[in-house]
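Trainee: Take this structure, written in structure tokens, and hold onto it; I'll ask about it next.
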Amino acid sequence: MTSKNLSVVLAGGGTAGHISPLLAIAAAIRAAVPEARLLAVGTPSGMETRLVPAAGLDLATIDRVPLPRKPSMDLVRLPGRLAAAVRQAGRILDENGADVLVGVGGYVCTPMYLAARRRRIPIVIHEANARPGLANRVGAMLTKYVAVAFDTTRLRHARHVGMPMRTEISGLERSASRARAREALGLHPTQPTLIVTGGSSGAQSINRTVAAAVEDLAAAGVQTLHITGRGKAVLDGDGNTLTAPGYRQVEYVDGMELAYAAADVLLARSGAATVCEVAAVGLPAVFVPLPIGNGEQALNAAGLVHADGALLVQDRDFSAQWVREQLIPLVTDPSRLAAMAANSQRLGIRNADQRMAGLVLEAVSA
């Protein structure tokens, strides 16, 4: 096989946390082997149906096969549904002459891993979270090419490579980009700056607390840009969009590198991508882990918090009083922020996408 006919299939989807590293890996493979043929595989209902084509990558889909959490008819139907999805996955691999399968997690990956194993196609896995998902736990039993974003992730054959991310973020120099970013976001060039985000779907509990604290933030001289999430505008007591001195809200920012460059502190959930990105760019952060699920968000943030690059507050404790007593003193303390930024950047990995491309080519050559 030559680079001209290398065929790489990348599987993953459901959430931006899976799709973003998939796209970064694809871009790094394309940079390393421009002639390679790339195909992404997801499900018909995931965010990948919008994000993957928008990134210029072809997308195929197979049926979504979630694992039922309790005894039900869905559990009875599971073997048949999984077998059907494995057959769909096999057809995609065969039709595209796949030389290697790259999986990043999500419902689509289990049938793709099983179909690739049957065909003896090399499997390369990237696990983004500190606590691995079921699909990648299954996949890690089928291959020795396993990469993780956090060095605490326990998976068989795991290599710590970091989180693949867009080059606009991995190549960001915050201090050099700050003035331009603040101008683009409509922010004062020198005022202490807090940027709040709940991720692509927003975080209503964070939104409520920030809304209750806007006057305290403004009184302390802090300007706040609040990225609320699509359709989650923060309202005042009269049901109108909240406005206040020094406070601005938008539903989304096109390119989080702008937010990272503009912020003195980022207040956010601790999804794996966010934790790894703020470390890579050296941005002090306050994390409010998602209070539901298996606790993976607190685990994602643990290393950065332990290194004094970030603070963590539980969702139930994140209140306007906490903002007054903890967050405002942080945002207005330049020397503390400089120390946190240095601590954060020491843990950051900027070339995880290139490391993953190298692992893919290693699997193919072997």
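Residues are referred to by chain and number: the chain letter is A, B, ... according to the order shown in the structure tokens, the number counts from 1 in that chain, and ligands are numbered separately from 1 in the order shown.
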As number ranges by chain, please: all residues of segment 71-309 of chain A that backbone DSSP puts in strand (DSSP E).
Mentor: A: 100-103, 123-127, 145-148, 158-160, 193-197, 223-227, 247-250, 265-268, 285-287
Trainee: List the spatial neighbours of segment 296-300 of chain A as JSON, numbers by chain - criterion: any atom at most 8 Å away, only C-alpha atoms, same-chain residues fewer than 2 positions off excluded.
Mentor: {"A": [129, 130, 131, 150, 269, 270, 271, 272, 275, 289, 290, 293, 294, 302, 303]}
Trainee: Here is a test: counting only C-alpha atoms, which residue of A:Met47, A:Leu267, A:Ala89, A:Leu225 is nearest to Leu312 of chain A?
Mentor: A:Leu267
Trainee: What does the distance between atom CA of Asp151 of chain A and atom CA of Gly282 of chain A come to in Å, to one decimal place?
Mentor: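 The value is 18.3 Å.
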Trainee: Just checking: using only C-alpha atoms, which residue out of A:Ala357, A:Ala366, A:Met165, A:Leu347 ends up closest to Arg30 of chain A?
Mentor: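 Of all the options, A:Ala357 lies closest to Arg30 of chain A.
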Trainee: From the set A:Ser7, A:Gln326, A:Ser20, A:Gln354, which residue has the shortest atom-to-atom contact distance to Asn96 of chain A, counting only C-alpha atoms?
Mentor: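 Nearest to Asn96 of chain A: A:Ser7.
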Trainee: Closest to Leu142 of chain A among A:Gly171, A:Pro34, A:Gly231, A:Pro122, using only C-alpha atoms?
Mentor: A:Pro122
Trainee: Of the candidates A:Gly80, A:Gly162, A:Gly106, A:Pro284, which one gets nearest to Arg174 of chain A if we count only C-alpha atoms?
Mentor: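 Checking each of A:Gly80, A:Gly162, A:Gly106, A:Pro284 against Arg174 of chain A, counting only C-alpha atoms, the winner is A:Pro284.
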Trainee: Write out as a PyMOL selection string which residues come within 9 Å of segment 98-101 of chain A when counting only C-alpha atoms, dropping same-chain ones fewer than 5 positions away.
Mentor: chain A and resi 1+6-11+92-93+112-113+116+121-125+360-361+363-364
Trainee: Let me see the file: selected residues, all heavy atoms, as a compact mmCIF listing (two decimals), in the first residue's frame.
Mentor:
# COMPACT_ATOMS: atom_id res chain seq x y z
N MET A 1 0.83 -1.20 0.00
CA MET A 1 0.00 0.00 0.00
C MET A 1 0.87 1.26 0.00
O MET A 1 1.86 1.33 0.72
CB MET A 1 -0.88 0.01 1.25
CG MET A 1 -1.74 1.23 1.39
SD MET A 1 -2.59 1.24 2.98
CE MET A 1 -1.25 0.95 4.10
N LEU A 6 -4.12 5.06 0.62
CA LEU A 6 -4.44 4.89 2.03
C LEU A 6 -5.88 5.31 2.29
O LEU A 6 -6.29 6.42 1.95
CB LEU A 6 -3.49 5.72 2.90
CG LEU A 6 -3.79 5.73 4.40
CD1 LEU A 6 -3.63 4.34 4.99
CD2 LEU A 6 -2.88 6.74 5.11
N SER A 7 -6.67 4.43 2.90
CA SER A 7 -8.07 4.71 3.22
C SER A 7 -8.25 4.66 4.73
O SER A 7 -8.03 3.63 5.36
CB SER A 7 -8.99 3.69 2.55
OG SER A 7 -10.33 3.88 2.97
N VAL A 8 -8.66 5.79 5.31
CA VAL A 8 -8.84 5.91 6.75
C VAL A 8 -10.31 6.17 7.05
O VAL A 8 -10.90 7.12 6.52
CB VAL A 8 -7.99 7.06 7.33
CG1 VAL A 8 -8.16 7.12 8.85
CG2 VAL A 8 -6.53 6.90 6.95
N VAL A 9 -10.91 5.32 7.88
CA VAL A 9 -12.27 5.52 8.34
C VAL A 9 -12.21 5.96 9.80
O VAL A 9 -11.54 5.32 10.62
CB VAL A 9 -13.12 4.24 8.17
CG1 VAL A 9 -14.50 4.42 8.80
CG2 VAL A 9 -13.25 3.88 6.69
N LEU A 10 -12.93 7.05 10.11
CA LEU A 10 -12.93 7.59 11.48
C LEU A 10 -14.35 7.51 12.03
O LEU A 10 -15.29 8.00 11.40
CB LEU A 10 -12.45 9.04 11.50
CG LEU A 10 -11.05 9.29 10.89
CD1 LEU A 10 -11.19 9.90 9.51
CD2 LEU A 10 -10.23 10.22 11.78
N ALA A 11 -14.51 6.90 13.20
CA ALA A 11 -15.84 6.68 13.77
C ALA A 11 -15.98 7.45 15.08
O ALA A 11 -15.07 7.46 15.91
CB ALA A 11 -16.07 5.19 14.01
N ILE A 92 -19.59 -0.52 5.12
CA ILE A 92 -18.87 0.75 4.96
C ILE A 92 -17.37 0.50 4.86
O ILE A 92 -16.67 1.07 3.99
CB ILE A 92 -19.20 1.71 6.12
CG1 ILE A 92 -20.66 2.18 6.02
CG2 ILE A 92 -18.24 2.90 6.14
CD1 ILE A 92 -21.14 2.96 7.23
N LEU A 93 -16.85 -0.35 5.72
CA LEU A 93 -15.41 -0.65 5.69
C LEU A 93 -15.02 -1.31 4.37
O LEU A 93 -13.99 -0.98 3.77
CB LEU A 93 -15.04 -1.55 6.87
CG LEU A 93 -15.19 -0.94 8.27
CD1 LEU A 93 -14.98 -2.01 9.33
CD2 LEU A 93 -14.21 0.21 8.47
N MET A 112 -18.53 -0.54 14.83
CA MET A 112 -17.41 -0.32 13.92
C MET A 112 -16.19 -1.11 14.38
O MET A 112 -15.48 -1.72 13.57
CB MET A 112 -17.07 1.17 13.84
CG MET A 112 -18.15 2.03 13.19
SD MET A 112 -18.48 1.62 11.45
CE MET A 112 -16.90 1.91 10.69
N TYR A 113 -15.91 -1.12 15.69
CA TYR A 113 -14.77 -1.88 16.21
C TYR A 113 -14.95 -3.38 15.92
O TYR A 113 -14.00 -4.07 15.50
CB TYR A 113 -14.64 -1.68 17.72
CG TYR A 113 -14.23 -0.30 18.16
CD1 TYR A 113 -14.62 0.19 19.41
CD2 TYR A 113 -13.45 0.53 17.36
CE1 TYR A 113 -14.25 1.46 19.85
CE2 TYR A 113 -13.06 1.79 17.78
CZ TYR A 113 -13.48 2.25 19.03
OH TYR A 113 -13.12 3.51 19.45
N ALA A 116 -14.45 -4.11 12.21
CA ALA A 116 -13.04 -4.01 11.83
C ALA A 116 -12.24 -5.20 12.33
O ALA A 116 -11.38 -5.74 11.64
CB ALA A 116 -12.45 -2.71 12.36
N ILE A 121 -8.76 -5.42 10.28
CA ILE A 121 -8.37 -4.04 9.97
C ILE A 121 -7.82 -3.42 11.25
O ILE A 121 -8.45 -3.50 12.31
CB ILE A 121 -9.58 -3.22 9.46
CG1 ILE A 121 -10.06 -3.79 8.12
CG2 ILE A 121 -9.24 -1.74 9.34
CD1 ILE A 121 -11.38 -3.19 7.64
N PRO A 122 -6.64 -2.79 11.23
CA PRO A 122 -6.09 -2.17 12.44
C PRO A 122 -7.06 -1.15 13.03
O PRO A 122 -7.72 -0.39 12.30
CB PRO A 122 -4.81 -1.50 11.95
CG PRO A 122 -4.47 -2.19 10.67
CD PRO A 122 -5.76 -2.62 10.06
N ILE A 123 -7.14 -1.13 14.35
CA ILE A 123 -8.02 -0.22 15.08
C ILE A 123 -7.15 0.71 15.92
O ILE A 123 -6.25 0.26 16.63
CB ILE A 123 -8.99 -0.99 15.99
CG1 ILE A 123 -9.87 -1.94 15.17
CG2 ILE A 123 -9.84 -0.04 16.82
CD1 ILE A 123 -10.66 -2.93 16.02
N VAL A 124 -7.43 2.01 15.83
CA VAL A 124 -6.75 3.02 16.64
C VAL A 124 -7.83 3.75 17.43
O VAL A 124 -8.83 4.20 16.86
CB VAL A 124 -5.95 4.01 15.78
CG1 VAL A 124 -5.28 5.06 16.66
CG2 VAL A 124 -4.91 3.28 14.94
N ILE A 125 -7.63 3.89 18.74
CA ILE A 125 -8.65 4.48 19.61
C ILE A 125 -8.10 5.73 20.28
O ILE A 125 -6.94 5.78 20.70
CB ILE A 125 -9.07 3.46 20.69
CG1 ILE A 125 -9.83 2.29 20.04
CG2 ILE A 125 -9.91 4.10 21.78
CD1 ILE A 125 -10.13 1.16 20.99
N VAL A 360 -1.79 6.47 13.93
CA VAL A 360 -2.54 5.85 12.84
C VAL A 360 -1.61 5.26 11.79
O VAL A 360 -1.77 4.11 11.35
CB VAL A 360 -3.50 6.89 12.20
CG1 VAL A 360 -4.14 6.32 10.92
CG2 VAL A 360 -4.58 7.29 13.19
N LEU A 361 -0.60 6.03 11.40
CA LEU A 361 0.34 5.52 10.40
C LEU A 361 1.18 4.37 10.95
O LEU A 361 1.53 3.44 10.22
CB LEU A 361 1.25 6.68 9.94
CG LEU A 361 0.52 7.82 9.23
CD1 LEU A 361 1.51 8.93 8.86
CD2 LEU A 361 -0.22 7.33 7.99
N ALA A 363 0.04 2.13 13.07
CA ALA A 363 -0.84 0.96 13.01
C ALA A 363 -0.94 0.40 11.60
O ALA A 363 -0.94 -0.82 11.40
CB ALA A 363 -2.22 1.34 13.54
N VAL A 364 -1.00 1.29 10.63
CA VAL A 364 -1.10 0.84 9.24
C VAL A 364 0.18 0.13 8.81
O VAL A 364 0.15 -0.95 8.20
CB VAL A 364 -1.39 2.03 8.31
CG1 VAL A 364 -1.29 1.61 6.85
CG2 VAL A 364 -2.77 2.60 8.59
Trainee: Using DSSP secondary structure from the backbone, list all alpha helix (DSSP H) positions within segment 147-235 of chain A, as a PyMOL selection string.
Mentor: chain A and resi 167-170+174-184+204-219
Trainee: Go ahead and dump the residues you just picked, C-alpha atoms, as a PDB file, in the first residue's frame.
Mentor:
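Output file out.pdb follows:
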ATOM      1  CA  THR A 167      -4.856  24.302  15.136  1.00  0.00           C
ATOM      2  CA  GLU A 168      -6.470  27.711  15.721  1.00  0.00           C
ATOM      3  CA  ILE A 169      -6.550  26.746  19.406  1.00  0.00           C
ATOM      4  CA  SER A 170      -3.380  24.658  19.707  1.00  0.00           C
ATOM      5  CA  ARG A 174      -3.047  34.484  24.174  1.00  0.00           C
ATOM      6  CA  SER A 175      -1.066  37.610  24.977  1.00  0.00           C
ATOM      7  CA  ALA A 176      -0.350  38.361  21.321  1.00  0.00           C
ATOM      8  CA  SER A 177      -3.994  37.841  20.330  1.00  0.00           C
ATOM      9  CA  ARG A 178      -5.731  39.496  23.296  1.00  0.00           C
ATOM     10  CA  ALA A 179      -6.267  42.986  21.862  1.00  0.00           C
ATOM     11  CA  ARG A 180      -7.650  41.714  18.565  1.00  0.00           C
ATOM     12  CA  ALA A 181      -9.881  39.165  20.284  1.00  0.00           C
ATOM     13  CA  ARG A 182     -11.378  41.684  22.699  1.00  0.00           C
ATOM     14  CA  GLU A 183     -12.078  44.076  19.875  1.00  0.00           C
ATOM     15  CA  ALA A 184     -13.777  41.309  17.871  1.00  0.00           C
ATOM     16  CA  GLN A 204     -28.780  26.789  32.893  1.00  0.00           C
ATOM     17  CA  SER A 205     -27.543  26.585  36.491  1.00  0.00           C
ATOM     18  CA  ILE A 206     -24.389  28.527  35.588  1.00  0.00           C
ATOM     19  CA  ASN A 207     -26.500  31.027  33.674  1.00  0.00           C
ATOM     20  CA  ARG A 208     -28.755  31.636  36.694  1.00  0.00           C
ATOM     21  CA  THR A 209     -25.854  32.222  39.085  1.00  0.00           C
ATOM     22  CA  VAL A 210     -24.038  34.582  36.731  1.00  0.00           C
ATOM     23  CA  ALA A 211     -27.253  36.534  36.171  1.00  0.00           C
ATOM     24  CA  ALA A 212     -27.608  36.960  39.925  1.00  0.00           C
ATOM     25  CA  ALA A 213     -24.022  38.209  40.220  1.00  0.00           C
ATOM     26  CA  VAL A 214     -23.779  40.692  37.337  1.00  0.00           C
ATOM     27  CA  GLU A 215     -24.043  43.745  39.575  1.00  0.00           C
ATOM     28  CA  ASP A 216     -21.299  42.484  41.900  1.00  0.00           C
ATOM     29  CA  LEU A 217     -19.030  41.747  38.953  1.00  0.00           C
ATOM     30  CA  ALA A 218     -19.581  45.200  37.452  1.00  0.00           C
ATOM     31  CA  ALA A 219     -19.023  46.895  40.829  1.00  0.00           C
TER      32      ALA A 219
END
Trainee: Return the single residue from A:Pro291, A:Ala140, A:Cys276, A:Met340 that is closest to His306 of chain A, with distances computed using only C-alpha atoms.
Mentor: A:Met340
Trainee: If we count only C-alpha atoms, what is near Ala285 of chain A at a cut-off of 12 Å, once residues fewer than 4 positions away on the same chain are taken out, given as an MDAnalysis selection string?
Mentor: chainID A and resid 193:197 260 263:270 274:279 281 301 304:305 308:313 327 330:331 336:338 340:341 343:345
